[in-house]
Amino acid sequence: MKKFKVLGGGCRNCEITANVIAQAAKEAGVEIELEKVTDMARILGYGVMSTPGVVLDETVVHAGSVPAPDQVRAWVRG
Amino acid sequence: MFEHLANLVAFGLLGLGAESRVGAAVQFFVMDVTKIFALLILVIYVMGLLRAMLSPERVRAFVRGRPDWQARGLAVTLGAVTPFCSCSSVPLFIGFVEAGIPLGVTFSFLIASPMINEVAAVILVGILGWKLAALYVSAGLLVAWFGGMAMQVFRPERWVEDYVWKIRMGDAAAIEEDQTLLGRHRYAVGEVKAIVGRIWAWVLLGIGVGAIFHGFVPADWVTRHLGGNAWYTVPAAVLLGIPLYSNATGIIPVAEAMLGKGVAVGTTLALMMSVAALSLPEMLILRKVIRWQALGLFAAVLAIAFTLVGWAFNVIA
């Protein structure tokens, strides 16, 4: 199972990002694990300064904005 | 083209008199909405296509480990081309501290970034002309440079929250970028959606305020009270701008209306900078990493700097 982490200190775009990923997984019928990381030490631990960031199986795949829908679909299926 | 369209809507379609207050306000509103949003979309798209916008992670990598003056120069200029959402100020601040970048340099970046950006600069040229755009941008760079330096004198390190020093940052993530034309186009469209989505309300609000000012405030009243002869108009404009917040683009139509009615250039610039750079929400966000003393000092340094800039431009003009 794929493990997603959304990095961000509770901003609106971070919520949106988490929802987009959950939605895409549901549509694809793929089960994923989704965690929201709000602790600054952990966020920066991934080398990310611009939130929201997305971590997929411990690799940072996106930072600084809400990811595009087709990008999210690719992560979920990939 | 935009003026023609605005005339058509205000005076033709709605049948308002060109001399009436409502007519003038509506004409201003329609003209600025169409012109500013057309420019916004165009500029952000082109910047996105060129991938001209820098991420804070890259700025950090550029600035770290350089001598003070070089770091500051980079922080100020890169701050001007790095659009970042104020919700990212906390990780950005911690990331800079962790890289050993002096706090004064970080403050220079935090001043420059909301006040100046390439999108606002292009719209300034389009609405107010290149001379005012150059004035605003150079004044902003100066304030960011010296403001950060002034902060450093007070040794703000003692006000940084303890936990900040303990955080260790991982290697900056290298994210693969799709460099094909289609990839760039997609990225650019995404940027347009994200940035316009974030700032449209501020821009609309700014145009509304500008339109009301343009239509309903009599020019002779403005010249008498805000013409630039009275010394207190500049600090008053700065104080007014502190509780008010708008995006740097949103304040442009307000400035346009003010200048059109004869408000002095320095007074207008002081208000613009104060509204764009000093905001209560951002202060509250930064409170997570620095104590009130540093935030108060930050606001005071900026308020003094904007006042000095405003006075200087009023004297020169």
# chains A, B, ... in the order shown; residues from 1 in each chain; ligands from 1
>>> residues_around(residues="range 15-29 of chain A", least_positions_apart="2", cutoff="9 Å", atoms="only C-alpha atoms", output="list in words")
Phe4, Lys5, Val6, Gly8, Gly10, Cys11, Arg12, Asn13, Glu31, Ile32, Leu34, Glu35, Lys36, Pro52, Gly53, Val54, Ser65, Val66, Pro67, Pro69, Val72, Arg73, Trp75, Val76 and Arg77 of chain A
>>> interface_residues(of="chain A", to="chain B", cutoff="8 Å", atoms="only C-alpha atoms", output="ChimeraX atom specification")
/A:9,11,40-41,43-51,60-62,64-66,68
>>> write_last_selection(atoms="C-alpha atoms", output="PDB file, in the first residue's frame")
ATOM      1  CA  GLY A   9       1.004  23.613   9.111  1.00  0.00           C
ATOM      2  CA  CYS A  11      -3.175  25.979   5.926  1.00  0.00           C
ATOM      3  CA  MET A  40       7.453  21.869  11.623  1.00  0.00           C
ATOM      4  CA  ALA A  41      10.481  19.802  12.604  1.00  0.00           C
ATOM      5  CA  ILE A  43       8.188  19.073   7.574  1.00  0.00           C
ATOM      6  CA  LEU A  44      11.635  20.656   7.413  1.00  0.00           C
ATOM      7  CA  GLY A  45      13.153  17.237   7.972  1.00  0.00           C
ATOM      8  CA  TYR A  46      11.958  16.418   4.473  1.00  0.00           C
ATOM      9  CA  GLY A  47      13.757  19.511   3.155  1.00  0.00           C
ATOM     10  CA  VAL A  48      10.497  21.260   2.350  1.00  0.00           C
ATOM     11  CA  MET A  49      10.031  24.970   3.116  1.00  0.00           C
ATOM     12  CA  SER A  50       7.101  25.833   0.882  1.00  0.00           C
ATOM     13  CA  THR A  51       3.902  24.114   1.879  1.00  0.00           C
ATOM     14  CA  VAL A  60       9.184  14.270  -1.670  1.00  0.00           C
ATOM     15  CA  VAL A  61       7.287  14.442  -4.943  1.00  0.00           C
ATOM     16  CA  HIS A  62       5.801  17.917  -4.714  1.00  0.00           C
ATOM     17  CA  GLY A  64       4.702  24.713  -2.775  1.00  0.00           C
ATOM     18  CA  SER A  65       1.202  24.354  -4.184  1.00  0.00           C
ATOM     19  CA  VAL A  66      -1.877  22.201  -4.560  1.00  0.00           C
ATOM     20  CA  ALA A  68      -2.568  19.175 -10.370  1.00  0.00           C
TER      21      ALA A  68
END
>>> closest_residue(among="B:Ile116, B:Asn314, B:Val160, B:Pro253", to="Lys288 in chain B", atoms="only C-alpha atoms")
B:Val160
>>> select_by_dssp(residues="chain A", states="alpha helix (DSSP H)", output="JSON, numbers by chain")
{"A": [12, 13, 14, 15, 16, 17, 18, 19, 20, 21, 22, 23, 24, 25, 26, 27, 28, 40, 41, 42, 43, 44, 45, 69, 70, 71, 72, 73, 74, 75, 76, 77]}
>>> residues_around(residues="range 244-251 of chain B", least_positions_apart="3", cutoff="6 Å", atoms="only C-alpha atoms", output="list in words")
Met115, Ala120, Trp202, Val203, Gly206, Gly241, Val254, Val275, Ala276 and Ser279 of chain B
>>> select_by_dssp(residues="chain A", states="strand (DSSP E or B)", output="list in words")
Lys2, Lys3, Phe4, Lys5, Val6, Leu7, Ile32, Glu33, Leu34, Glu35, Lys36, Val37, Gly53, Val54, Val55, Leu56, Thr59, Val60, Val61, His62 and Ala63 of chain A
>>> residues_around(residues="Ser20 in chain B", least_positions_apart="4", cutoff="12 Å", atoms="only C-alpha atoms", output="MDAnalysis selection string")
chainID B and resid 10:11 15:16 24:27 214:216
>>> write_last_selection(atoms="C-alpha atoms", output="PDB file, in the first residue's frame")
ATOM      1  CA  ALA B  10     -20.696  52.706 -18.072  1.00  0.00           C
ATOM      2  CA  PHE B  11     -22.018  55.373 -20.387  1.00  0.00           C
ATOM      3  CA  GLY B  15     -26.663  55.061 -19.512  1.00  0.00           C
ATOM      4  CA  LEU B  16     -24.731  56.834 -16.752  1.00  0.00           C
ATOM      5  CA  ALA B  24     -17.027  57.873 -13.125  1.00  0.00           C
ATOM      6  CA  ALA B  25     -16.822  55.143 -10.486  1.00  0.00           C
ATOM      7  CA  VAL B  26     -18.377  52.475 -12.717  1.00  0.00           C
ATOM      8  CA  GLN B  27     -16.166  53.440 -15.651  1.00  0.00           C
ATOM      9  CA  HIS B 214     -12.183  58.078  -8.064  1.00  0.00           C
ATOM     10  CA  GLY B 215     -15.910  58.768  -8.330  1.00  0.00           C
ATOM     11  CA  PHE B 216     -16.832  60.302  -5.000  1.00  0.00           C
TER      12      PHE B 216
END
>>> residues_around(residues="Ala133 in chain B", least_positions_apart="5", cutoff="12 Å", atoms="only C-alpha atoms", output="ChimeraX atom specification")
/B:116-128,138-140,249,252,255-256,265,269,272
>>> residues_around(residues="Gln152 in chain B", least_positions_apart="6", cutoff="9 Å", atoms="only C-alpha atoms", output="mmCIF file with C-alpha atoms, in the first residue's frame")
data_model
loop_
_atom_site.group_PDB
_atom_site.id
_atom_site.type_symbol
_atom_site.label_atom_id
_atom_site.label_comp_id
_atom_site.auth_asym_id
_atom_site.auth_seq_id
_atom_site.Cartn_x
_atom_site.Cartn_y
_atom_site.Cartn_z
ATOM 1 C CA PRO B 102 21.766 35.853 9.501
ATOM 2 C CA LEU B 103 18.385 36.963 10.853
ATOM 3 C CA GLY B 104 18.838 40.440 9.387
ATOM 4 C CA VAL B 105 19.119 38.877 5.928
ATOM 5 C CA PHE B 107 14.127 39.888 7.543
#
>>> atom_distance(atom1="CA of Met149 in chain B", atom2="CA of Ser108 in chain B")
7.6 Å
>>> residues_around(residues="Gly12 in chain B", least_positions_apart="6", cutoff="12 Å", atoms="only C-alpha atoms", output="PyMOL selection string")
chain B and resi 4-6+18+23+26-27
>>> closest_residue(among="B:Met258, B:Leu284, B:Leu295, B:Val9", to="Thr223 in chain B", atoms="only C-alpha atoms")
B:Met258
